[in-house]
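The data block below is data02.pdb; it holds PDB, C-alpha atoms and all ligand atoms.
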ATOM      1  CA  MET A   1      59.438  91.159 -65.280
ATOM      2  CA  THR A   2      62.231  93.535 -66.145
ATOM      3  CA  GLU A   3      64.781  91.190 -67.733
ATOM      4  CA  SER A   4      65.118  87.664 -68.984
ATOM      5  CA  PHE A   5      68.088  85.392 -69.446
ATOM      6  CA  GLN A   6      69.854  85.041 -72.742
ATOM      7  CA  ARG A   7      68.806  81.786 -74.447
ATOM      8  CA  GLU A   8      71.322  81.562 -77.284
ATOM      9  CA  LEU A   9      75.052  82.239 -77.420
ATOM     10  CA  ASN A  10      75.217  85.320 -79.694
ATOM     11  CA  GLY A  11      74.247  84.175 -83.176
ATOM     12  CA  SER A  12      75.910  80.777 -82.738
ATOM     13  CA  GLY A  13      72.751  78.696 -82.646
ATOM     14  CA  ARG A  14      74.018  77.147 -79.409
ATOM     15  CA  MET A  15      71.566  77.198 -76.595
ATOM     16  CA  ILE A  16      72.862  78.304 -73.255
ATOM     17  CA  ALA A  17      72.279  75.796 -70.461
ATOM     18  CA  PRO A  18      69.076  76.685 -68.640
ATOM     19  CA  ARG A  19      69.467  78.972 -65.675
ATOM     20  CA  GLY A  20      66.743  80.432 -63.583
ATOM     21  CA  ILE A  21      66.292  82.865 -60.793
ATOM     22  CA  LEU A  22      64.893  79.890 -58.862
ATOM     23  CA  THR A  23      64.972  76.150 -59.548
ATOM     24  CA  ALA A  24      61.580  74.460 -59.710
ATOM     25  CA  THR A  25      61.663  70.810 -58.626
ATOM     26  CA  ALA A  26      57.980  69.877 -59.037
ATOM     27  CA  ILE A  27      54.453  71.178 -59.171
ATOM     28  CA  ASN A  28      53.648  71.631 -55.484
ATOM     29  CA  HIS A  29      49.890  71.693 -56.016
ATOM     30  CA  LEU A  30      47.055  72.550 -58.347
ATOM     31  CA  SER A  31      44.048  74.254 -56.765
ATOM     32  CA  TYR A  32      40.975  72.683 -58.321
ATOM     33  CA  GLY A  33      37.500  74.122 -57.762
ATOM     34  CA  VAL A  34      34.588  71.720 -58.326
ATOM     35  CA  ARG A  35      30.902  71.346 -57.468
ATOM     36  CA  GLU A  36      31.326  68.281 -55.301
ATOM     37  CA  TYR A  37      34.711  67.772 -53.699
ATOM     38  CA  ALA A  38      34.270  64.330 -52.113
ATOM     39  CA  GLY A  39      33.358  62.494 -55.322
ATOM     40  CA  THR A  40      36.239  64.153 -57.140
ATOM     41  CA  ARG A  41      38.657  63.207 -54.342
ATOM     42  CA  ASP A  42      37.533  59.589 -54.518
ATOM     43  CA  TRP A  43      37.809  59.457 -58.306
ATOM     44  CA  TYR A  44      41.458  60.535 -58.307
ATOM     45  CA  MET A  45      42.256  58.153 -55.446
ATOM     46  CA  ASP A  46      40.552  55.199 -57.140
ATOM     47  CA  ILE A  47      41.869  55.815 -60.661
ATOM     48  CA  PHE A  48      45.379  57.080 -59.956
ATOM     49  CA  GLY A  49      46.244  55.630 -56.556
ATOM     50  CA  MET A  50      46.609  59.092 -55.038
ATOM     51  CA  ASP A  51      46.590  59.415 -51.241
ATOM     52  CA  CYS A  52      44.385  61.776 -49.289
ATOM     53  CA  VAL A  53      46.689  63.802 -47.038
ATOM     54  CA  TYR A  54      44.237  66.464 -45.851
ATOM     55  CA  ASP A  55      40.459  66.720 -45.519
ATOM     56  CA  ASP A  56      38.582  69.309 -43.474
ATOM     57  CA  GLY A  57      35.069  68.387 -44.652
ATOM     58  CA  ARG A  58      34.956  71.164 -47.237
ATOM     59  CA  GLN A  59      38.173  70.561 -49.149
ATOM     60  CA  ALA A  60      40.700  67.785 -49.514
ATOM     61  CA  SER A  61      44.234  67.391 -50.745
ATOM     62  CA  ILE A  62      45.311  64.300 -52.645
ATOM     63  CA  ALA A  63      48.996  63.566 -53.138
ATOM     64  CA  PHE A  64      51.370  61.464 -55.209
ATOM     65  CA  GLY A  65      55.013  61.312 -56.306
ATOM     66  CA  LYS A  66      58.285  62.342 -54.778
ATOM     67  CA  PRO A  67      58.675  65.194 -54.039
ATOM     68  CA  ARG A  68      54.990  65.273 -53.235
ATOM     69  CA  ARG A  69      52.601  66.733 -55.804
ATOM     70  CA  GLU A  70      49.113  67.570 -54.589
ATOM     71  CA  MET A  71      45.737  68.530 -55.932
ATOM     72  CA  TYR A  72      43.662  70.670 -53.612
ATOM     73  CA  ILE A  73      40.038  69.824 -54.364
ATOM     74  CA  ARG A  74      37.633  72.426 -53.052
ATOM     75  CA  ARG A  75      34.067  73.485 -53.584
ATOM     76  CA  ARG A  76      33.755  76.375 -55.989
ATOM     77  CA  GLU A  77      30.548  78.354 -56.359
ATOM     78  CA  GLU A  78      31.289  81.022 -58.920
ATOM     79  CA  PRO A  79      31.658  80.088 -62.591
ATOM     80  CA  PRO A  80      33.598  78.719 -64.298
ATOM     81  CA  VAL A  81      33.310  75.325 -62.601
ATOM     82  CA  PRO A  82      35.393  73.188 -62.784
ATOM     83  CA  CYS A  83      38.398  75.473 -62.696
ATOM     84  CA  ILE A  84      42.049  75.147 -61.750
ATOM     85  CA  ASP A  85      42.336  78.638 -60.297
ATOM     86  CA  HIS A  86      45.993  78.637 -59.339
ATOM     87  CA  TRP A  87      49.115  76.528 -59.281
ATOM     88  CA  ALA A  88      52.128  76.272 -57.026
ATOM     89  CA  PHE A  89      55.701  75.243 -57.785
ATOM     90  CA  SER A  90      58.132  73.695 -55.338
ATOM     91  CA  VAL A  91      61.591  75.212 -55.493
ATOM     92  CA  ALA A  92      64.934  73.997 -54.183
ATOM     93  CA  ALA A  93      66.360  75.594 -51.024
ATOM     94  CA  PHE A  94      63.176  77.483 -50.183
ATOM     95  CA  GLU A  95      63.688  80.301 -47.745
ATOM     96  CA  ALA A  96      60.744  82.677 -47.641
ATOM     97  CA  GLY A  97      62.588  85.925 -46.882
ATOM     98  CA  ARG A  98      65.256  85.432 -49.496
ATOM     99  CA  ILE A  99      62.785  84.360 -52.168
ATOM    100  CA  ARG A 100      60.492  87.275 -51.430
ATOM    101  CA  ARG A 101      63.353  89.748 -51.887
ATOM    102  CA  THR A 102      64.447  87.998 -55.068
ATOM    103  CA  LEU A 103      60.952  88.109 -56.606
ATOM    104  CA  VAL A 104      60.492  91.764 -55.723
ATOM    105  CA  ASN A 105      63.929  92.652 -57.102
ATOM    106  CA  TRP A 106      63.093  90.941 -60.381
ATOM    107  CA  GLY A 107      59.928  92.986 -60.721
ATOM    108  CA  ILE A 108      57.507  90.070 -60.335
ATOM    109  CA  ASP A 109      53.961  91.324 -59.684
ATOM    110  CA  GLY A 110      51.830  90.716 -56.627
ATOM    111  CA  VAL A 111      54.418  89.128 -54.343
ATOM    112  CA  ASP A 112      53.085  88.339 -50.871
ATOM    113  CA  TRP A 113      53.332  85.812 -48.053
ATOM    114  CA  ASP A 114      51.362  82.534 -47.918
ATOM    115  CA  GLY A 115      52.400  81.189 -44.536
ATOM    116  CA  ASP A 116      55.870  79.983 -43.606
ATOM    117  CA  PHE A 117      56.448  77.753 -46.615
ATOM    118  CA  ALA A 118      55.064  79.622 -49.609
ATOM    119  CA  LEU A 119      54.631  82.974 -51.301
ATOM    120  CA  HIS A 120      52.296  83.973 -54.050
ATOM    121  CA  ALA A 121      52.782  86.177 -57.065
ATOM    122  CA  ARG A 122      51.258  86.852 -60.484
ATOM    123  CA  ASP A 123      52.757  85.422 -63.648
ATOM    124  CA  ASP A 124      52.999  87.388 -66.913
ATOM    125  CA  ASN A 125      49.265  86.701 -67.509
ATOM    126  CA  GLY A 126      48.230  87.805 -64.033
ATOM    127  CA  PHE A 127      47.560  84.156 -63.139
ATOM    128  CA  LEU A 128      48.018  83.327 -59.450
ATOM    129  CA  THR A 129      51.262  81.392 -59.052
ATOM    130  CA  GLN A 130      52.679  80.203 -55.755
ATOM    131  CA  ILE A 131      56.284  79.438 -54.978
ATOM    132  CA  GLY A 132      56.773  77.028 -52.100
ATOM    133  CA  ALA A 133      58.926  74.533 -50.267
ATOM    134  CA  GLU A 134      58.740  70.852 -51.230
ATOM    135  CA  ALA A 135      57.020  70.120 -47.909
ATOM    136  CA  GLY A 136      54.974  72.091 -45.412
ATOM    137  CA  VAL A 137      52.334  73.640 -47.690
ATOM    138  CA  PHE A 138      48.706  72.595 -47.142
ATOM    139  CA  PRO A 139      45.229  73.964 -47.929
ATOM    140  CA  GLY A 140      44.535  76.915 -45.682
ATOM    141  CA  ALA A 141      48.219  77.338 -44.781
ATOM    142  CA  ALA A 142      47.988  81.016 -45.659
ATOM    143  CA  THR A 143      45.239  81.594 -43.068
ATOM    144  CA  ARG A 144      46.639  82.735 -39.733
ATOM    145  CA  GLY A 145      46.108  80.213 -36.952
ATOM    146  CA  TRP A 146      45.104  77.434 -39.349
ATOM    147  CA  ASN A 147      46.695  74.035 -38.899
ATOM    148  CA  THR A 148      46.236  70.418 -39.908
ATOM    149  CA  ASP A 149      45.039  69.143 -36.489
ATOM    150  CA  GLY A 150      42.259  66.613 -36.984
ATOM    151  CA  LYS A 151      42.361  67.124 -40.754
ATOM    152  CA  ILE A 152      44.769  64.368 -41.744
ATOM    153  CA  PRO A 153      42.766  61.232 -42.562
ATOM    154  CA  SER A 154      43.853  57.696 -41.699
ATOM    155  CA  GLY A 155      43.120  54.150 -42.855
ATOM    156  CA  GLU A 156      41.161  53.657 -46.079
ATOM    157  CA  LYS A 157      40.328  57.329 -46.220
ATOM    158  CA  ALA A 158      44.029  58.138 -46.474
ATOM    159  CA  ALA A 159      45.303  55.424 -48.782
ATOM    160  CA  ARG A 160      43.875  52.411 -50.573
ATOM    161  CA  PRO A 161      44.797  50.440 -53.671
ATOM    162  CA  SER A 162      43.563  52.047 -56.882
ATOM    163  CA  ARG A 163      40.876  50.197 -58.849
ATOM    164  CA  THR A 164      43.095  50.358 -61.928
ATOM    165  CA  GLY A 165      46.325  49.179 -60.335
ATOM    166  CA  TRP A 166      47.871  52.479 -61.465
ATOM    167  CA  GLN A 167      50.180  54.548 -59.350
ATOM    168  CA  ALA A 168      50.610  58.215 -60.273
ATOM    169  CA  THR A 169      54.194  59.436 -60.069
ATOM    170  CA  ALA A 170      54.226  62.896 -61.642
ATOM    171  CA  LEU A 171      52.365  65.417 -63.746
ATOM    172  CA  HIS A 172      53.493  64.545 -67.258
ATOM    173  CA  HIS A 173      52.151  67.951 -68.173
ATOM    174  CA  VAL A 174      49.670  70.602 -67.205
ATOM    175  CA  SER A 175      48.249  72.307 -70.291
ATOM    176  CA  TYR A 176      48.155  76.077 -69.955
ATOM    177  CA  GLY A 177      46.531  78.177 -72.680
ATOM    178  CA  VAL A 178      47.803  81.755 -72.862
ATOM    179  CA  PRO A 179      47.498  84.690 -75.277
ATOM    180  CA  ASP A 180      51.270  84.991 -75.848
ATOM    181  CA  TYR A 181      53.009  81.644 -75.388
ATOM    182  CA  GLY A 182      56.488  83.024 -76.088
ATOM    183  CA  ARG A 183      56.241  85.629 -73.380
ATOM    184  CA  THR A 184      54.926  83.045 -70.903
ATOM    185  CA  ARG A 185      57.678  80.567 -71.911
ATOM    186  CA  ASP A 186      60.311  83.207 -71.155
ATOM    187  CA  PHE A 187      58.670  84.044 -67.833
ATOM    188  CA  TYR A 188      58.709  80.431 -66.609
ATOM    189  CA  THR A 189      62.137  79.495 -67.963
ATOM    190  CA  SER A 190      63.694  82.608 -66.446
ATOM    191  CA  LEU A 191      61.953  82.457 -63.091
ATOM    192  CA  PHE A 192      62.017  78.702 -62.484
ATOM    193  CA  GLY A 193      64.915  77.413 -64.587
ATOM    194  CA  MET A 194      62.559  75.208 -66.626
ATOM    195  CA  ARG A 195      63.977  73.476 -69.716
ATOM    196  CA  VAL A 196      62.430  73.964 -73.146
ATOM    197  CA  ALA A 197      61.780  70.339 -74.096
ATOM    198  CA  PHE A 198      59.850  71.152 -77.252
ATOM    199  CA  ASP A 199      58.957  74.335 -79.111
ATOM    200  CA  ASN A 200      57.324  74.505 -82.539
ATOM    201  CA  GLY A 201      56.756  78.247 -82.677
ATOM    202  CA  ALA A 202      53.111  77.986 -81.611
ATOM    203  CA  SER A 203      53.330  75.876 -78.484
ATOM    204  CA  CYS A 204      56.022  74.531 -76.215
ATOM    205  CA  VAL A 205      56.693  72.158 -73.359
ATOM    206  CA  LEU A 206      58.749  73.250 -70.354
ATOM    207  CA  SER A 207      60.030  70.470 -68.119
ATOM    208  CA  PHE A 208      61.578  70.547 -64.672
ATOM    209  CA  GLY A 209      62.560  68.387 -61.721
ATOM    210  CA  ALA A 210      64.327  65.041 -61.487
ATOM    211  CA  ALA A 211      62.894  62.045 -63.381
ATOM    212  CA  PRO A 212      60.039  61.426 -63.422
ATOM    213  CA  GLY A 213      59.670  65.174 -63.725
ATOM    214  CA  ASP A 214      56.755  67.476 -64.309
ATOM    215  CA  ALA A 215      56.111  69.737 -67.290
ATOM    216  CA  ILE A 216      53.853  72.544 -68.345
ATOM    217  CA  ALA A 217      52.624  72.670 -71.941
ATOM    218  CA  LEU A 218      51.950  76.164 -73.234
ATOM    219  CA  SER A 219      49.758  76.861 -76.219
ATOM    220  CA  ARG A 220      47.994  79.868 -77.593
ATOM    221  CA  ARG A 221      44.498  80.629 -76.369
ATOM    222  CA  ASP A 222      43.108  84.090 -76.844
ATOM    223  CA  ASP A 223      40.675  83.552 -73.965
ATOM    224  CA  GLY A 224      43.512  82.478 -71.622
ATOM    225  CA  PRO A 225      45.054  82.219 -69.191
ATOM    226  CA  VAL A 226      43.329  78.895 -68.554
ATOM    227  CA  ILE A 227      44.479  75.446 -67.460
ATOM    228  CA  ASP A 228      42.502  73.165 -69.749
ATOM    229  CA  ARG A 229      43.960  69.672 -69.226
ATOM    230  CA  ILE A 230      46.280  67.672 -67.034
ATOM    231  CA  ALA A 231      48.254  64.527 -67.851
ATOM    232  CA  VAL A 232      49.203  62.119 -65.093
ATOM    233  CA  SER A 233      52.313  59.924 -65.355
ATOM    234  CA  ILE A 234      51.899  56.322 -64.257
ATOM    235  CA  ALA A 235      54.680  54.026 -63.074
ATOM    236  CA  GLY A 236      55.321  51.170 -65.527
ATOM    237  CA  PHE A 237      52.651  52.417 -67.935
ATOM    238  CA  ASP A 238      51.768  50.157 -70.838
ATOM    239  CA  LEU A 239      49.368  51.570 -73.409
ATOM    240  CA  ALA A 240      47.620  48.322 -74.360
ATOM    241  CA  GLU A 241      47.337  47.085 -70.804
ATOM    242  CA  ALA A 242      45.970  50.466 -69.698
ATOM    243  CA  GLU A 243      43.281  50.234 -72.375
ATOM    244  CA  ARG A 244      42.238  46.777 -71.169
ATOM    245  CA  THR A 245      41.984  48.132 -67.626
ATOM    246  CA  ILE A 246      39.891  51.095 -68.762
ATOM    247  CA  ARG A 247      37.514  48.828 -70.678
ATOM    248  CA  ARG A 248      37.234  46.337 -67.839
ATOM    249  CA  LEU A 249      36.163  49.156 -65.497
ATOM    250  CA  GLY A 250      33.778  50.602 -68.094
ATOM    251  CA  ILE A 251      35.402  54.046 -68.056
ATOM    252  CA  ASP A 252      34.807  56.380 -71.011
ATOM    253  CA  TYR A 253      38.017  57.136 -72.873
ATOM    254  CA  ALA A 254      39.489  58.348 -76.119
ATOM    255  CA  ALA A 255      42.829  58.114 -77.899
ATOM    256  CA  ALA A 256      45.280  60.924 -77.197
ATOM    257  CA  GLY A 257      48.342  60.688 -79.371
ATOM    258  CA  GLY A 258      50.436  57.544 -79.579
ATOM    259  CA  SER A 259      51.180  57.108 -75.896
ATOM    260  CA  ALA A 260      48.227  58.184 -73.797
ATOM    261  CA  TRP A 261      44.539  57.734 -73.173
ATOM    262  CA  LYS A 262      42.193  60.571 -72.430
ATOM    263  CA  LEU A 263      39.780  60.186 -69.540
ATOM    264  CA  VAL A 264      37.247  62.664 -68.206
ATOM    265  CA  ASP A 265      36.940  63.243 -64.476
ATOM    266  CA  PRO A 266      33.532  63.562 -62.680
ATOM    267  CA  ASN A 267      33.518  67.303 -63.458
ATOM    268  CA  GLY A 268      34.007  66.826 -67.190
ATOM    269  CA  PHE A 269      37.640  67.926 -66.977
ATOM    270  CA  PRO A 270      40.053  66.096 -69.345
ATOM    271  CA  VAL A 271      42.759  64.006 -67.682
ATOM    272  CA  LEU A 272      45.291  62.074 -69.733
ATOM    273  CA  VAL A 273      46.942  58.928 -68.458
ATOM    274  CA  CYS A 274      50.418  58.326 -69.823
ATOM    275  CA  PRO A 275      53.942  57.096 -69.078
ATOM    276  CA  ALA A 276      56.319  58.619 -66.575
ATOM    277  CA  ARG A 277      58.641  60.302 -69.003
ATOM    278  CA  GLY A 278      59.393  63.850 -69.985
ATOM    279  CA  ALA A 279      57.927  65.553 -73.004
ATOM    280  CA  SER A 280      59.541  64.568 -76.268
ATOM    281  CA  PRO A 281      61.386  67.169 -78.326
ATOM    282  CA  GLY A 282      60.416  67.313 -81.974
ATOM    283  CA  ALA A 283      56.980  65.814 -81.616
ATOM    284  CA  ALA A 284      55.057  68.132 -83.894
ATOM    285  CA  GLU A 285      51.548  66.960 -83.176
ATOM    286  CA  ASP A 286      52.049  64.916 -80.121
ATOM    287  CA  PHE A 287      53.511  65.901 -76.773
ATOM    288  CA  PHE A 288      54.046  62.325 -75.762
ATOM    289  CA  PRO A 289      57.178  60.229 -75.893
ATOM    290  CA  ARG A 290      57.112  56.921 -77.743
ATOM    291  CA  THR A 291      56.847  54.160 -75.230
ATOM    292  CA  GLY A 292      57.407  51.183 -77.495
ATOM    293  CA  THR A 293      53.970  49.857 -76.626
ATOM    294  CA  GLU A 294      52.096  51.385 -79.549
ATOM    295  CA  ARG A 295      50.312  49.049 -81.917
TER     296      ARG A 295
HETATM  297 FE    FE B 301      47.659  77.250 -53.195
END
What is this structure when it is put down as structure tokens?
Ligand SMILES: [Fe+2]
Amino acid sequence: MTESFQRELNGSGRMIAPRGILTATAINHLSYGVREYAGTRDWYMDIFGMDCVYDDGRQASIAFGKPRREMYIRRREEPPVPCIDHWAFSVAAFEAGRIRRTLVNWGIDGVDWDGDFALHARDDNGFLTQIGAEAGVFPGAATRGWNTDGKIPSGEKAARPSRTGWQATALHHVSYGVPDYGRTRDFYTSLFGMRVAFDNGASCVLSFGAAPGDAIALSRRDDGPVIDRIAVSIAGFDLAEAERTIRRLGIDYAAAGGSAWKLVDPNGFPVLVCPARGASPGAAEDFFPRTGTER
């Protein structure tokens, strides 16, 4: 990237209101490679009340929230497994031709088409990052001639009550470990108009979209870039009640700050369950907002 926006009014200590080249409204999807896609699909549906909106027998997409967030769950052979190998952001007023020209003009690497409703590019770490419309993107959309005919499930395979009673509404955060968190923060705030919700000089949280919004949490990892955790926001989340539910179902869990529980999905990947609120500024150790339900 050749330039980034000014963050502070010259020496005044006043932050300039966030502006971006584009405006991200949500995480469009995470692409998640696993050994066994069907069991993973079912786990997210049964724990988080996600709906299956696409399934072609080799990969599935599960969805939640408004605008729709999705996880594409696909079989992955090459290590590392499991692995979130790319992410996609929905942006307001998506128009492929205009956005392509904008990305190229800003010097973003690797810009190319991904069907009618998305483009891909490389972020400052070389990590595959898609930019798409809020609707119209699906697994395989970038393959010419591919469509969703016969791949949209119905009945119980599409939607069923979760075993927990939980309903996912957003991605409270996606944890992204990178070698230089400041450089990556500037890339995402400048490109997507994300807000810096929290920054302690070693890690930060960037939030975006209307409430309940999504966020990405950046921290330093010399072996990055790597997405090493997700946190799912639940409607009407209550910490104590969630713990009773977890214990009743016999699910392994651990504490995760004052407002979340940590679960582990069938692939050993950490998934936090937490309230549908943005990241809290000033929380030194803990990304999570106080919910008032802590004991
Ligand atoms: Fe994708």
How would you write, as a ChimeraX atom specification, the residues chosen by the PyMOL selection byres (((not hetatm)) within 8 of (chain B and resi 301)) on this structure?
/A:29-31,72,86-88,130,138-139
Proximity of region 7-94 of chain A to region 101-124 of chain A: per-residue shortest pair, 12 Å limit, all atoms listed in the file, as CSV:
residue,atom,partner,partner_atom,distance
A:Gly20,CA,A:Trp106,CA,11.6
A:Ile21,CA,A:Thr102,CA,7.9
A:Leu22,CA,A:Thr102,CA,9.0
A:Asn28,CA,A:Ala118,CA,10.0
A:His29,CA,A:Ala118,CA,11.4
A:His86,CA,A:His120,CA,9.8
A:Trp87,CA,A:His120,CA,9.6
A:Ala88,CA,A:His120,CA,8.3
A:Phe89,CA,A:Ala118,CA,9.3
A:Ser90,CA,A:Ala118,CA,8.8
A:Val91,CA,A:Ala118,CA,9.8
A:Ala92,CA,A:Phe117,CA,12.0
A:Ala93,CA,A:Phe117,CA,11.1
A:Phe94,CA,A:Phe117,CA,7.6
Of the candidates A:Ala202, A:Ala159, A:Ala26, A:Cys274, which shows the shortest atom-to-atom distance to Asp238 (chain A), using only C-alpha atoms?
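Closest residue, counting only C-alpha atoms: A:Cys274.
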Measure the distance from CA of Asp55 (chain A) to CA of Pro275 (chain A) in Å and round it to one decimal.
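One can read the CA of Asp55 (chain A) to CA of Pro275 (chain A) distance as 28.8 Å.
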Between CA of Trp146 (chain A) and CA of Tyr44 (chain A) - distance in Å to one decimal:
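Distance between the two atoms: 25.7 Å.
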A:Pro179, A:Ala142, A:Asp46, A:Phe269 ranked by distance to Gly224 (chain A), top pick (using all atoms listed in the file)
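For Gly224 (chain A), the nearest of the given residues is A:Pro179.
What separates CA of Ser203 (chain A) from CA of Glu134 (chain A) is a distance of 28.2 Å.
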Once you count all atoms listed in the file, what closest atom pair and distance in Å to one decimal does each residue of region 100-219 of chain A within 10 Å of region 245-257 of chain A have, with rows by chain and rising residue number, as CSV?
residue,atom,partner,partner_atom,distance
A:Arg163,CA,A:Leu249,CA,8.2
A:Thr164,CA,A:Thr245,CA,6.2
A:Gly165,CA,A:Thr245,CA,8.5
A:Trp166,CA,A:Thr245,CA,9.6
Pick out the residues sitting within 12 Å of Arg69 (chain A), and hand them over as a PyMOL selection string; count only C-alpha atoms, and ignore anything fewer than 4 positions along from it in its own chain.
chain A and resi 25-31+50-53+61-65+87-90+132-138+168-172+209+212-214+232-233
Output as AutoDock Vina command-line options the centre and edge lengths (Å, one decimal) of the box along x, y and z of the file that holds every listed atom of region 215-234 of chain A after adding 8 Å on each side.
--center_x 48.4 --center_y 70.2 --center_z -70.9 --size_x 31.4 --size_y 43.8 --size_z 29.3
Write out as a PyMOL selection string each polymer residue whose atoms come within 10 Å of Val196 (chain A), counting only C-alpha atoms; drop sequence neighbours fewer than 6 positions from it.
chain A and resi 18+185-186+188-189+204-208+215-217+279+281
Thr148 (chain A) proximity check over A:Ala260, A:Phe127, A:Ile73, A:Ala60, using only C-alpha atoms: winner is A:Ala60
For Asp228 (chain A), which of A:Asp149, A:Glu95, A:Asp85, A:Glu241 is the closest residue, counting only C-alpha atoms?
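Comparing A:Asp149, A:Glu95, A:Asp85, A:Glu241 against Asp228 (chain A), the winner is A:Asp85.
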Evaluate the PyMOL selection byres (((chain A and resi 263) around 7) and not hetatm) against this structure - the residues, as number ranges by chain, please.
A: 252-254, 261-262, 264-265, 270-272
